[in-house]
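As stored in model.txt (compact mmCIF, C-alpha atoms and all ligand atoms):
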# COMPACT_ATOMS: atom_id res chain seq x y z
CA MET A 1 -5.17 -24.30 -23.89
CA LYS A 2 -3.09 -21.17 -24.42
CA ALA A 3 -2.52 -19.04 -21.31
CA ALA A 4 -0.37 -16.17 -20.03
CA ILE A 5 1.44 -17.71 -17.07
CA PHE A 6 4.34 -17.02 -14.75
CA ARG A 7 6.36 -19.81 -13.14
CA THR A 8 8.08 -17.54 -10.60
CA HIS A 9 7.12 -14.15 -9.15
CA GLY A 10 9.03 -11.12 -10.39
CA PRO A 11 9.35 -8.56 -13.21
CA LEU A 12 7.38 -8.66 -16.42
CA ASP A 13 9.77 -10.88 -18.39
CA ASN A 14 8.56 -13.69 -16.12
CA LEU A 15 5.33 -13.65 -18.12
CA GLU A 16 5.13 -16.20 -20.93
CA ILE A 17 2.55 -17.72 -23.22
CA ALA A 18 2.31 -21.47 -22.62
CA GLU A 19 0.14 -24.46 -23.50
CA ILE A 20 -1.42 -25.97 -20.37
CA ASP A 21 -4.34 -28.25 -19.54
CA LYS A 22 -7.86 -26.82 -19.51
CA PRO A 23 -9.41 -26.53 -16.02
CA VAL A 24 -11.83 -29.32 -15.02
CA ILE A 25 -15.17 -28.05 -13.71
CA ARG A 26 -17.21 -29.27 -10.74
CA ASP A 27 -21.03 -29.57 -10.36
CA ARG A 28 -21.72 -25.88 -9.75
CA GLU A 29 -19.07 -24.39 -12.03
CA ILE A 30 -19.04 -23.35 -15.66
CA LEU A 31 -16.13 -23.36 -18.08
CA MET A 32 -15.88 -20.04 -19.88
CA LYS A 33 -14.23 -19.67 -23.27
CA VAL A 34 -12.70 -16.27 -22.63
CA LYS A 35 -13.17 -13.62 -25.31
CA VAL A 36 -11.74 -10.58 -23.55
CA ALA A 37 -9.89 -10.02 -20.26
CA ALA A 38 -8.83 -6.76 -18.61
CA LEU A 39 -5.89 -5.90 -16.38
CA ASN A 40 -5.98 -4.41 -12.88
CA ARG A 41 -3.14 -3.16 -10.69
CA LEU A 42 -3.73 -6.37 -8.75
CA ASP A 43 -2.18 -8.27 -11.68
CA LEU A 44 1.13 -6.44 -11.15
CA TRP A 45 1.03 -7.09 -7.41
CA VAL A 46 0.34 -10.82 -7.91
CA ARG A 47 3.03 -11.15 -10.59
CA ASN A 48 5.61 -9.35 -8.44
CA GLY A 49 4.66 -11.48 -5.43
CA SER A 50 4.69 -10.67 -1.73
CA PRO A 51 5.33 -12.66 1.47
CA ALA A 52 1.60 -12.46 2.23
CA LEU A 53 0.66 -14.10 -1.05
CA LYS A 54 1.10 -17.86 -1.06
CA ILE A 55 -0.16 -19.43 -4.27
CA PRO A 56 0.82 -22.52 -6.24
CA LEU A 57 2.87 -21.85 -9.40
CA PRO A 58 2.61 -21.59 -12.32
CA HIS A 59 -0.16 -19.04 -12.01
CA ILE A 60 -2.60 -17.43 -14.44
CA GLY A 61 -3.62 -13.87 -13.57
CA GLY A 62 -6.57 -11.83 -14.79
CA SER A 63 -9.47 -10.88 -12.50
CA ASP A 64 -11.65 -9.33 -15.22
CA PHE A 65 -12.97 -11.42 -18.08
CA ALA A 66 -15.99 -12.07 -20.26
CA GLY A 67 -16.76 -14.83 -22.73
CA ILE A 68 -19.04 -17.68 -23.76
CA ILE A 69 -19.99 -20.70 -21.66
CA SER A 70 -18.47 -23.82 -23.21
CA GLU A 71 -19.35 -26.37 -20.48
CA VAL A 72 -21.76 -26.38 -17.53
CA GLY A 73 -21.55 -28.44 -14.33
CA SER A 74 -24.17 -31.13 -13.70
CA LYS A 75 -26.11 -29.09 -11.09
CA ILE A 76 -26.35 -25.88 -13.13
CA THR A 77 -29.84 -24.84 -14.23
CA GLN A 78 -29.58 -21.05 -14.80
CA PHE A 79 -27.06 -21.12 -17.66
CA VAL A 80 -26.53 -23.08 -20.86
CA VAL A 81 -23.62 -23.59 -23.24
CA GLY A 82 -23.38 -20.57 -25.53
CA ASP A 83 -24.51 -17.95 -23.00
CA ARG A 84 -22.51 -14.70 -23.11
CA VAL A 85 -21.36 -14.02 -19.53
CA VAL A 86 -19.12 -11.80 -17.41
CA ALA A 87 -17.53 -12.82 -14.09
CA ASN A 88 -17.23 -11.35 -10.62
CA ALA A 89 -13.74 -12.39 -9.47
CA GLY A 90 -14.65 -12.53 -5.75
CA LEU A 91 -14.87 -16.13 -4.46
CA SER A 92 -16.76 -16.69 -1.20
CA CYS A 93 -17.98 -19.75 0.73
CA LYS A 94 -21.73 -18.78 0.57
CA ASN A 95 -22.12 -20.40 3.97
CA CYS A 96 -20.55 -18.20 6.70
CA ASP A 97 -22.53 -15.52 8.58
CA ASN A 98 -21.22 -12.73 6.36
CA CYS A 99 -22.03 -14.61 3.16
CA LEU A 100 -25.53 -15.44 4.42
CA ARG A 101 -26.23 -11.73 5.04
CA ASP A 102 -25.08 -10.84 1.49
CA GLU A 103 -21.69 -9.50 2.54
CA GLN A 104 -19.61 -11.95 0.48
CA SER A 105 -16.54 -9.70 0.30
CA LEU A 106 -16.35 -10.05 4.12
CA CYS A 107 -16.33 -13.86 3.81
CA GLN A 108 -13.81 -15.54 6.12
CA SER A 109 -12.38 -17.45 3.18
CA PHE A 110 -12.67 -14.67 0.57
CA LYS A 111 -10.42 -15.16 -2.46
CA LEU A 112 -10.05 -13.77 -5.95
CA LEU A 113 -9.94 -15.38 -9.34
CA GLY A 114 -6.69 -14.18 -10.89
CA GLU A 115 -5.07 -13.78 -7.48
CA HIS A 116 -5.54 -16.97 -5.43
CA GLU A 117 -7.06 -19.09 -8.21
CA TRP A 118 -6.36 -19.14 -11.95
CA GLY A 119 -7.87 -16.15 -13.72
CA GLY A 120 -8.96 -15.19 -17.18
CA LEU A 121 -5.70 -14.54 -19.04
CA ALA A 122 -6.23 -17.86 -20.80
CA GLN A 123 -8.46 -19.42 -23.44
CA PHE A 124 -10.56 -21.06 -20.71
CA VAL A 125 -11.32 -20.36 -17.05
CA LYS A 126 -13.59 -22.16 -14.58
CA VAL A 127 -15.98 -20.00 -12.57
CA PRO A 128 -18.65 -20.81 -9.94
CA GLU A 129 -22.20 -20.35 -11.23
CA SER A 130 -22.84 -17.70 -8.54
CA ASN A 131 -20.04 -15.52 -9.96
CA ILE A 132 -21.40 -14.97 -13.46
CA ILE A 133 -24.17 -12.96 -15.02
CA LYS A 134 -25.42 -12.88 -18.58
CA ILE A 135 -24.37 -10.01 -20.83
CA PRO A 136 -27.21 -8.40 -22.83
CA ASP A 137 -26.80 -8.53 -26.63
CA HIS A 138 -26.19 -4.77 -26.94
CA ILE A 139 -23.11 -4.90 -24.65
CA SER A 140 -19.76 -5.99 -26.11
CA PHE A 141 -17.32 -8.38 -24.44
CA ASP A 142 -14.83 -5.48 -24.34
CA THR A 143 -17.24 -3.34 -22.31
CA ALA A 144 -18.26 -6.16 -19.95
CA ALA A 145 -14.68 -7.26 -19.21
CA ALA A 146 -13.42 -3.68 -18.83
CA ALA A 147 -16.24 -2.77 -16.46
CA ALA A 148 -16.64 -5.66 -14.03
CA LEU A 149 -14.07 -5.35 -11.23
CA THR A 150 -13.78 -1.56 -11.23
CA SER A 151 -17.54 -1.02 -11.36
CA LEU A 152 -18.39 -3.38 -8.51
CA THR A 153 -15.52 -1.98 -6.42
CA ALA A 154 -16.37 1.69 -6.99
CA TYR A 155 -20.09 0.98 -6.53
CA ARG A 156 -19.57 -0.55 -3.08
CA MET A 157 -17.15 2.22 -2.07
CA ILE A 158 -19.50 5.05 -2.97
CA LYS A 159 -23.01 3.65 -2.50
CA THR A 160 -22.61 1.23 0.42
CA GLN A 161 -19.49 2.22 2.33
CA ALA A 162 -19.57 6.03 1.95
CA ARG A 163 -23.41 6.05 1.95
CA ILE A 164 -23.60 8.80 -0.65
CA ARG A 165 -26.47 11.32 -0.54
CA SER A 166 -27.65 13.48 -3.41
CA THR A 167 -26.22 16.61 -1.75
CA ASP A 168 -22.72 15.14 -1.26
CA ASN A 169 -19.68 16.53 -3.04
CA VAL A 170 -17.19 13.82 -3.95
CA LEU A 171 -13.45 13.91 -4.64
CA VAL A 172 -12.02 11.06 -6.71
CA ILE A 173 -8.23 10.71 -6.34
CA GLY A 174 -6.32 8.89 -9.09
CA ALA A 175 -9.29 9.63 -11.29
CA GLY A 176 -7.64 8.55 -14.55
CA GLY A 177 -7.25 4.92 -13.45
CA GLY A 178 -9.67 2.03 -13.90
CA ILE A 179 -11.43 2.57 -10.56
CA GLY A 180 -11.23 6.37 -10.85
CA THR A 181 -12.88 6.67 -14.26
CA VAL A 182 -15.79 4.55 -13.04
CA ALA A 183 -15.96 6.26 -9.62
CA VAL A 184 -16.41 9.66 -11.31
CA GLN A 185 -19.41 8.31 -13.22
CA ILE A 186 -20.99 6.60 -10.20
CA ALA A 187 -20.47 9.66 -7.99
CA LYS A 188 -22.06 11.86 -10.64
CA CYS A 189 -25.02 9.49 -10.89
CA PHE A 190 -25.76 9.49 -7.11
CA GLY A 191 -24.20 12.67 -5.73
CA ASN A 192 -23.91 16.38 -6.31
CA LYS A 193 -20.57 17.80 -7.47
CA VAL A 194 -17.64 15.61 -8.47
CA PHE A 195 -14.05 16.78 -8.14
CA ALA A 196 -11.27 14.72 -9.69
CA LEU A 197 -7.52 14.65 -9.20
CA THR A 198 -5.26 13.51 -12.01
CA SER A 199 -1.80 13.96 -13.52
CA THR A 200 -1.98 15.26 -17.12
CA ASP A 201 -3.98 17.85 -19.06
CA GLU A 202 -5.11 15.15 -21.47
CA LYS A 203 -6.64 13.20 -18.57
CA VAL A 204 -8.22 16.42 -17.24
CA LYS A 205 -10.11 16.84 -20.54
CA LYS A 206 -11.28 13.23 -20.61
CA LEU A 207 -12.49 13.37 -16.99
CA ILE A 208 -14.60 16.44 -17.76
CA ASP A 209 -16.12 14.49 -20.66
CA LEU A 210 -16.94 11.71 -18.16
CA GLY A 211 -18.92 14.17 -16.02
CA ALA A 212 -16.45 15.56 -13.46
CA ASP A 213 -17.35 19.14 -12.48
CA HIS A 214 -13.82 20.24 -11.57
CA VAL A 215 -10.60 18.42 -12.39
CA ILE A 216 -7.32 19.37 -10.73
CA ASN A 217 -3.96 18.50 -12.26
CA TYR A 218 -1.99 17.78 -9.07
CA ARG A 219 1.34 18.20 -10.89
CA GLU A 220 0.42 21.83 -11.54
CA ILE A 221 -1.51 22.56 -8.35
CA ARG A 222 0.55 21.03 -5.56
CA ASP A 223 -1.70 22.45 -2.81
CA TRP A 224 -4.76 20.73 -4.22
CA ASP A 225 -6.31 20.40 -0.76
CA LYS A 226 -6.37 24.21 -0.44
CA GLU A 227 -7.73 24.51 -3.97
CA LEU A 228 -10.61 22.17 -3.03
CA TRP A 229 -11.29 24.26 0.01
CA LYS A 230 -11.72 27.32 -2.24
CA LEU A 231 -13.86 25.42 -4.76
CA THR A 232 -16.26 24.32 -2.00
CA ASP A 233 -16.67 27.76 -0.32
CA ASN A 234 -14.49 26.58 2.57
CA ASN A 235 -16.67 23.57 3.35
CA GLY A 236 -14.53 20.72 2.02
CA VAL A 237 -15.78 17.61 0.27
CA ASP A 238 -18.15 15.08 1.82
CA ILE A 239 -16.59 11.95 0.34
CA VAL A 240 -13.07 11.14 -0.82
CA VAL A 241 -12.63 8.03 -2.99
CA ASP A 242 -9.01 6.89 -2.88
CA SER A 243 -6.81 4.05 -4.05
CA VAL A 244 -3.50 5.97 -4.09
CA GLY A 245 -2.74 5.85 -0.35
CA GLU A 246 0.37 7.18 1.34
CA VAL A 247 1.32 10.23 -0.77
CA VAL A 248 -2.18 11.73 -0.79
CA TRP A 249 -3.45 10.64 2.65
CA LYS A 250 -2.84 13.78 4.71
CA LYS A 251 -4.21 16.12 2.08
CA ALA A 252 -7.14 13.79 1.43
CA LEU A 253 -8.15 13.98 5.11
CA LYS A 254 -7.66 17.76 5.15
CA SER A 255 -10.00 18.05 2.14
CA LEU A 256 -12.95 16.53 4.01
CA ALA A 257 -15.93 18.54 5.26
CA LYS A 258 -17.36 17.98 8.75
CA GLY A 259 -18.88 14.50 8.83
CA GLY A 260 -16.82 13.58 5.76
CA ARG A 261 -15.93 10.02 4.74
CA LEU A 262 -12.67 8.83 3.19
CA VAL A 263 -13.16 5.47 1.55
CA THR A 264 -10.10 3.53 0.38
CA CYS A 265 -9.71 0.40 -1.71
CA GLY A 266 -5.97 0.49 -2.31
CA ALA A 267 -2.60 2.05 -1.59
CA THR A 268 -0.56 2.08 -4.78
CA THR A 269 2.00 4.56 -3.38
CA GLY A 270 2.43 2.93 0.05
CA ILE A 271 0.51 1.67 3.06
CA LYS A 272 1.84 3.85 5.88
CA ALA A 273 0.42 7.32 6.43
CA GLU A 274 -0.09 9.82 9.21
CA THR A 275 -3.59 10.58 10.49
CA ASN A 276 -4.29 13.70 12.53
CA ILE A 277 -6.55 12.26 15.23
CA ALA A 278 -7.73 15.71 16.36
CA LEU A 279 -9.01 16.35 12.84
CA LEU A 280 -10.71 12.96 12.92
CA PHE A 281 -12.76 13.51 16.10
CA TRP A 282 -13.36 17.26 15.83
CA LYS A 283 -14.73 17.04 12.30
CA GLN A 284 -16.26 13.61 13.00
CA LEU A 285 -14.62 12.06 9.97
CA SER A 286 -14.81 8.39 8.96
CA ILE A 287 -12.03 6.37 7.36
CA ILE A 288 -13.59 3.37 5.65
CA GLY A 289 -11.98 0.41 3.93
CA SER A 290 -13.56 -1.37 1.00
CA THR A 291 -12.71 -4.49 -0.99
CA MET A 292 -14.58 -5.85 -4.00
CA ALA A 293 -18.36 -6.16 -3.43
CA SER A 294 -21.26 -8.42 -2.51
CA ASP A 295 -23.07 -10.55 -5.07
CA SER A 296 -26.00 -8.11 -5.16
CA GLU A 297 -23.68 -5.09 -5.50
CA PHE A 298 -22.05 -6.84 -8.47
CA ARG A 299 -25.46 -7.24 -10.13
CA GLU A 300 -26.46 -3.62 -9.34
CA ALA A 301 -23.16 -2.23 -10.65
CA MET A 302 -23.40 -4.29 -13.84
CA SER A 303 -26.97 -3.13 -14.41
CA LEU A 304 -25.57 0.44 -14.48
CA VAL A 305 -23.08 -0.75 -17.11
CA PHE A 306 -25.79 -2.53 -19.10
CA ASP A 307 -27.95 0.65 -18.94
CA LYS A 308 -24.89 2.64 -20.11
CA ILE A 309 -24.91 4.84 -17.00
CA ILE A 310 -21.36 3.58 -16.45
CA VAL A 311 -19.32 3.48 -19.65
CA PRO A 312 -15.89 1.97 -19.00
CA VAL A 313 -12.98 3.89 -20.49
CA ILE A 314 -10.77 1.62 -22.58
CA ASP A 315 -7.18 2.80 -22.87
CA SER A 316 -5.76 0.16 -25.18
CA LYS A 317 -6.17 -3.40 -26.41
CA TYR A 318 -3.48 -6.06 -26.78
CA PRO A 319 -3.60 -9.64 -28.05
CA LEU A 320 -2.79 -12.26 -25.37
CA GLU A 321 0.60 -12.84 -27.03
CA GLN A 322 1.58 -9.26 -26.12
CA ILE A 323 0.81 -9.63 -22.43
CA GLN A 324 4.24 -8.24 -21.48
CA ASP A 325 3.53 -5.02 -23.42
CA ALA A 326 0.17 -4.73 -21.69
CA HIS A 327 1.73 -5.14 -18.23
CA ARG A 328 4.40 -2.57 -19.21
CA ARG A 329 1.70 -0.07 -20.17
CA LEU A 330 -0.07 -0.61 -16.82
CA GLU A 331 3.19 -0.21 -14.91
CA SER A 332 3.93 3.06 -16.72
CA GLY A 333 0.87 4.74 -15.20
CA GLN A 334 0.35 6.58 -18.49
CA HIS A 335 -2.88 4.75 -19.27
CA MET A 336 -6.34 6.26 -18.92
CA GLY A 337 -8.95 3.68 -17.93
CA LYS A 338 -8.64 -0.01 -18.74
CA ILE A 339 -6.11 -2.06 -20.65
CA ILE A 340 -7.88 -4.99 -22.24
CA ILE A 341 -6.59 -8.25 -23.63
CA GLN A 342 -8.11 -9.94 -26.66
CA ILE A 343 -8.03 -13.68 -26.00
CA ASP A 344 -10.09 -15.16 -28.82
ZN ZN A 401 -18.40 -16.97 3.50
Take the structure I supplied and represent it as structure tokens, if you would.
Amino acid sequence: MKAAIFRTHGPLDNLEIAEIDKPVIRDREILMKVKVAALNRLDLWVRNGSPALKIPLPHIGGSDFAGIISEVGSKITQFVVGDRVVANAGLSCKNCDNCLRDEQSLCQSFKLLGEHEWGGLAQFVKVPESNIIKIPDHISFDTAAAAALTSLTAYRMIKTQARIRSTDNVLVIGAGGGIGTVAVQIAKCFGNKVFALTSTDEKVKKLIDLGADHVINYREIRDWDKELWKLTDNNGVDIVVDSVGEVVWKKALKSLAKGGRLVTCGATTGIKAETNIALLFWKQLSIIGSTMASDSEFREAMSLVFDKIIVPVIDSKYPLEQIQDAHRRLESGQHMGKIIIQID
């Protein structure tokens, strides 16, 4: 099969299109003929490599993908060849205490397709039966692949981890990214007012179209934490959704109202930041981490996509052969929403 692989970690010219053997499925796995995949910042991190990441090479990235089942394992009863399906990239043992209480992203042996195992930037990928759901006929492969990882991640962050209430005001930082564009829509669906922070006027306009009540261009308004204070009648916001990390951390904490929750799923600008502990206890703030989602959160998030409550924003589409251009676009940070890859 044709696949986008890298044989060593490093910059984007390490990516190449190669012919390699199709994966061989086990009893409870399906083989998906991939139609569309989508990139995440994770793909850059995995390609660049890190001492913490030990994976066999060559590797195939891609943690978002949708396609058609081309083979089913002998013990599979819920799916048949030809089904249109989308995958949840989170792999869990289904057997530990956390898995048994439907907290699969806390599994002791949690892994990701596209990170620890071969992902969907290939003509075929093998996926456990428990990681796929059928796509309704009215939803395209583009939409399903673009929505999966960001929707399940943002859904867990906002609904489960931050425990959003209908009166909560939410700030989404990095709102023009894959997670951000979905987080704005989920926050609007469950909460009260949604504030968004982004970098260009073009992104400001698009975020208002997505439902954000106020969008701040942080390049123009450097003291955006003070601006938020004004916009909320000096109360602050109840929830901050962040994946940017270090450069926004102090201001993000300052933006929170009493009892506020900062929920983070990433740190694209760096992992070390200062926390004012006095602010933390006096205002009774919570700092909450979040990674991927449980199996039921995946299904709930995708039902919002299938009901068109979440509509993923697609920035651009590249054929698999132009995988380097797609990675370059993601690295540039100029994209709005998801970069998708046409496989078949
Ligand atoms: Zn487990």
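The space separating CA of Thr268 (chain A) from CA of Val248 (chain A) comes to 10.6 Å.
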Please identify all polymer residues within 10 Å of His327 (chain A), counting only C-alpha atoms, omitting same-chain residues fewer than 6 positions from it, and present them as a PyMOL selection string. chain A and resi 11-13+15+39-41+43-44+47+339
Nearest residue to Ile208 (chain A) out of A:Val184, A:Lys230, A:Ile221, A:Ala87, using all atoms listed in the file? A:Val184
If you measure from CA of Glu227 (chain A) to CA of Lys205 (chain A), what distance in Å do you get, rounded to one decimal? 18.4 Å
Protein, DNA and RNA residues within 10 Å of (7.8, -14.3, -10.8), only C-alpha atoms, as an MDAnalysis selection string: chainID A and resid 5:15 46:49 57:59
Separation of CA of Ile25 (chain A) from CA of Met1 (chain A), in Å and rounded to one decimal: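 CA of Met1 (chain A) lies at a distance of 14.8 Å from CA of Ile25 (chain A).
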Write out as JSON an axis-aligned box for region 109-121 of chain A: all of its atoms listed in the file, 3 Å added on each side, centre and edge lengths in Å with one decimal.
{"center_x": -8.9, "center_y": -16.5, "center_z": -7.9, "size_x": 13.6, "size_y": 11.4, "size_z": 28.2}
Would you kindly return, as number ranges by chain, each protein, DNA or RNA residue with an atom no farther than 12 Å from any atom of Ile30 (chain A), considering only C-alpha atoms and excluding same-chain residues fewer than 4 positions away? A: 23-26, 34, 67-87, 124-133
Calculated over all atoms listed in the file, which of the candidates A:Gly120, A:Gly333, A:Gly90, A:Pro136 has the smallest distance to ligand ZN 401 (chain A)?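 Smallest distance to ligand ZN 401 (chain A) is found for A:Gly90.
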So, counting all atoms listed in the file, which residue among A:Thr200, A:Gly176, A:Lys188, A:Lys226 is closest to Asp242 (chain A)?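 The shortest atom-to-atom distance to Asp242 (chain A) comes from A:Gly176.
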Can you tell me which residues come within 12 Å of ligand ZN 401 (chain A) when counting all atoms listed in the file, ideally as a list of chain:residue names? A:Gly90, A:Leu91, A:Ser92, A:Cys93, A:Lys94, A:Asn95, A:Cys96, A:Asp97, A:Asn98, A:Cys99, A:Leu100, A:Arg101, A:Asp102, A:Glu103, A:Gln104, A:Ser105, A:Leu106, A:Cys107, A:Gln108, A:Ser109, A:Phe110, A:Lys111, A:Ser294, A:Asp295
Between A:Asp325, A:Glu29, A:Asp225, A:Asp142, which one has atoms that come closest to Val311 (chain A), using only C-alpha atoms?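 Of A:Asp325, A:Glu29, A:Asp225, A:Asp142, the one nearest Val311 (chain A) is A:Asp142, counting only C-alpha atoms.
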Using only C-alpha atoms, the best pick from A:Ser140, A:Ser50, A:Thr150, A:Thr275 as closest to Ser63 (chain A) would be A:Thr150
Which is closer to Leu330 (chain A) than all the others in A:Ala257, A:Val36, A:Leu42, A:Cys189, using only C-alpha atoms?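 Of the candidates, the smallest distance to Leu330 (chain A) is held by A:Leu42.
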Just want the 8 Å neighbourhood of Gly191 (chain A), counted on all atoms listed in the file, with same-chain residues fewer than 6 positions away dropped. Output as an MDAnalysis selection string. chainID A and resid 164:170
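Using all atoms listed in the file, the protein and nucleic acid residues lying no more than 10 Å from Val237 (chain A), apart from those fewer than 2 places from it along its own chain, are A:Asp168, A:Asn169, A:Val170, A:Leu171, A:Lys193, A:Val194, A:Phe195, A:Asp225, A:Leu228, A:Trp229, A:Leu231, A:Thr232, A:Asn234, A:Asn235, A:Ile239, A:Val240, A:Ala252, A:Leu253, A:Lys254, A:Ser255, A:Leu256, A:Ala257, A:Lys258, A:Gly259, A:Gly260, A:Arg261, A:Leu262.
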Since fewer atoms than expected are present, regenerate N, CA and C atoms for region 254-280 of chain A and write them as a PDB file, in the coordinates of the input.
ATOM      1  N   LYS A 254      -7.458  16.317   4.989  1.00  0.00           N
ATOM      2  CA  LYS A 254      -7.660  17.760   5.150  1.00  0.00           C
ATOM      3  C   LYS A 254      -8.758  18.281   4.221  1.00  0.00           C
ATOM      4  N   SER A 255      -9.005  17.596   3.120  1.00  0.00           N
ATOM      5  CA  SER A 255     -10.000  18.050   2.140  1.00  0.00           C
ATOM      6  C   SER A 255     -11.432  17.786   2.597  1.00  0.00           C
ATOM      7  N   LEU A 256     -11.596  16.957   3.642  1.00  0.00           N
ATOM      8  CA  LEU A 256     -12.950  16.530   4.010  1.00  0.00           C
ATOM      9  C   LEU A 256     -13.717  17.600   4.788  1.00  0.00           C
ATOM     10  N   ALA A 257     -15.005  17.689   4.500  1.00  0.00           N
ATOM     11  CA  ALA A 257     -15.930  18.540   5.260  1.00  0.00           C
ATOM     12  C   ALA A 257     -16.251  17.871   6.584  1.00  0.00           C
ATOM     13  N   LYS A 258     -16.890  18.593   7.498  1.00  0.00           N
ATOM     14  CA  LYS A 258     -17.360  17.980   8.750  1.00  0.00           C
ATOM     15  C   LYS A 258     -18.285  16.804   8.412  1.00  0.00           C
ATOM     16  N   GLY A 259     -18.071  15.695   9.106  1.00  0.00           N
ATOM     17  CA  GLY A 259     -18.880  14.500   8.830  1.00  0.00           C
ATOM     18  C   GLY A 259     -18.440  13.764   7.565  1.00  0.00           C
ATOM     19  N   GLY A 260     -17.280  14.160   7.024  1.00  0.00           N
ATOM     20  CA  GLY A 260     -16.820  13.580   5.760  1.00  0.00           C
ATOM     21  C   GLY A 260     -16.341  12.139   5.896  1.00  0.00           C
ATOM     22  N   ARG A 261     -16.340  11.436   4.767  1.00  0.00           N
ATOM     23  CA  ARG A 261     -15.930  10.020   4.740  1.00  0.00           C
ATOM     24  C   ARG A 261     -14.825   9.826   3.707  1.00  0.00           C
ATOM     25  N   LEU A 262     -13.728   9.226   4.139  1.00  0.00           N
ATOM     26  CA  LEU A 262     -12.670   8.830   3.190  1.00  0.00           C
ATOM     27  C   LEU A 262     -12.789   7.332   3.014  1.00  0.00           C
ATOM     28  N   VAL A 263     -13.040   6.909   1.789  1.00  0.00           N
ATOM     29  CA  VAL A 263     -13.160   5.470   1.550  1.00  0.00           C
ATOM     30  C   VAL A 263     -12.011   5.027   0.645  1.00  0.00           C
ATOM     31  N   THR A 264     -11.311   3.980   1.091  1.00  0.00           N
ATOM     32  CA  THR A 264     -10.100   3.530   0.380  1.00  0.00           C
ATOM     33  C   THR A 264     -10.215   2.068  -0.038  1.00  0.00           C
ATOM     34  N   CYS A 265      -9.718   1.795  -1.249  1.00  0.00           N
ATOM     35  CA  CYS A 265      -9.710   0.400  -1.710  1.00  0.00           C
ATOM     36  C   CYS A 265      -8.308  -0.007  -2.144  1.00  0.00           C
ATOM     37  N   GLY A 266      -7.303   0.850  -1.862  1.00  0.00           N
ATOM     38  CA  GLY A 266      -5.970   0.490  -2.310  1.00  0.00           C
ATOM     39  C   GLY A 266      -4.949   1.481  -1.824  1.00  0.00           C
ATOM     40  N   ALA A 267      -3.686   1.191  -2.070  1.00  0.00           N
ATOM     41  CA  ALA A 267      -2.600   2.050  -1.590  1.00  0.00           C
ATOM     42  C   ALA A 267      -1.415   1.890  -2.527  1.00  0.00           C
ATOM     43  N   THR A 268      -1.595   2.329  -3.763  1.00  0.00           N
ATOM     44  CA  THR A 268      -0.560   2.080  -4.780  1.00  0.00           C
ATOM     45  C   THR A 268       0.762   2.770  -4.454  1.00  0.00           C
ATOM     46  N   THR A 269       0.739   3.866  -3.673  1.00  0.00           N
ATOM     47  CA  THR A 269       2.000   4.560  -3.380  1.00  0.00           C
ATOM     48  C   THR A 269       2.570   4.194  -2.011  1.00  0.00           C
ATOM     49  N   GLY A 270       1.901   3.334  -1.262  1.00  0.00           N
ATOM     50  CA  GLY A 270       2.430   2.930   0.050  1.00  0.00           C
ATOM     51  C   GLY A 270       1.316   2.819   1.074  1.00  0.00           C
ATOM     52  N   ILE A 271       1.581   2.014   2.111  1.00  0.00           N
ATOM     53  CA  ILE A 271       0.510   1.670   3.060  1.00  0.00           C
ATOM     54  C   ILE A 271       0.609   2.400   4.392  1.00  0.00           C
ATOM     55  N   LYS A 272       1.690   3.181   4.580  1.00  0.00           N
ATOM     56  CA  LYS A 272       1.840   3.850   5.880  1.00  0.00           C
ATOM     57  C   LYS A 272       1.593   5.338   5.714  1.00  0.00           C
ATOM     58  N   ALA A 273       0.702   5.883   6.529  1.00  0.00           N
ATOM     59  CA  ALA A 273       0.420   7.320   6.430  1.00  0.00           C
ATOM     60  C   ALA A 273       0.017   7.842   7.788  1.00  0.00           C
ATOM     61  N   GLU A 274       0.183   9.176   7.927  1.00  0.00           N
ATOM     62  CA  GLU A 274      -0.090   9.820   9.210  1.00  0.00           C
ATOM     63  C   GLU A 274      -1.536  10.305   9.222  1.00  0.00           C
ATOM     64  N   THR A 275      -2.229  10.069  10.334  1.00  0.00           N
ATOM     65  CA  THR A 275      -3.590  10.580  10.490  1.00  0.00           C
ATOM     66  C   THR A 275      -3.625  11.532  11.678  1.00  0.00           C
ATOM     67  N   ASN A 276      -4.115  12.736  11.449  1.00  0.00           N
ATOM     68  CA  ASN A 276      -4.290  13.700  12.530  1.00  0.00           C
ATOM     69  C   ASN A 276      -5.563  13.335  13.289  1.00  0.00           C
ATOM     70  N   ILE A 277      -5.394  12.777  14.479  1.00  0.00           N
ATOM     71  CA  ILE A 277      -6.550  12.260  15.230  1.00  0.00           C
ATOM     72  C   ILE A 277      -7.482  13.394  15.670  1.00  0.00           C
ATOM     73  N   ALA A 278      -6.900  14.573  15.957  1.00  0.00           N
ATOM     74  CA  ALA A 278      -7.730  15.710  16.360  1.00  0.00           C
ATOM     75  C   ALA A 278      -8.703  16.094  15.244  1.00  0.00           C
ATOM     76  N   LEU A 279      -8.176  16.049  14.006  1.00  0.00           N
ATOM     77  CA  LEU A 279      -9.010  16.350  12.840  1.00  0.00           C
ATOM     78  C   LEU A 279     -10.145  15.321  12.738  1.00  0.00           C
ATOM     79  N   LEU A 280      -9.763  14.081  13.032  1.00  0.00           N
ATOM     80  CA  LEU A 280     -10.710  12.960  12.920  1.00  0.00           C
ATOM     81  C   LEU A 280     -11.900  13.140  13.869  1.00  0.00           C
TER      82      LEU A 280
END
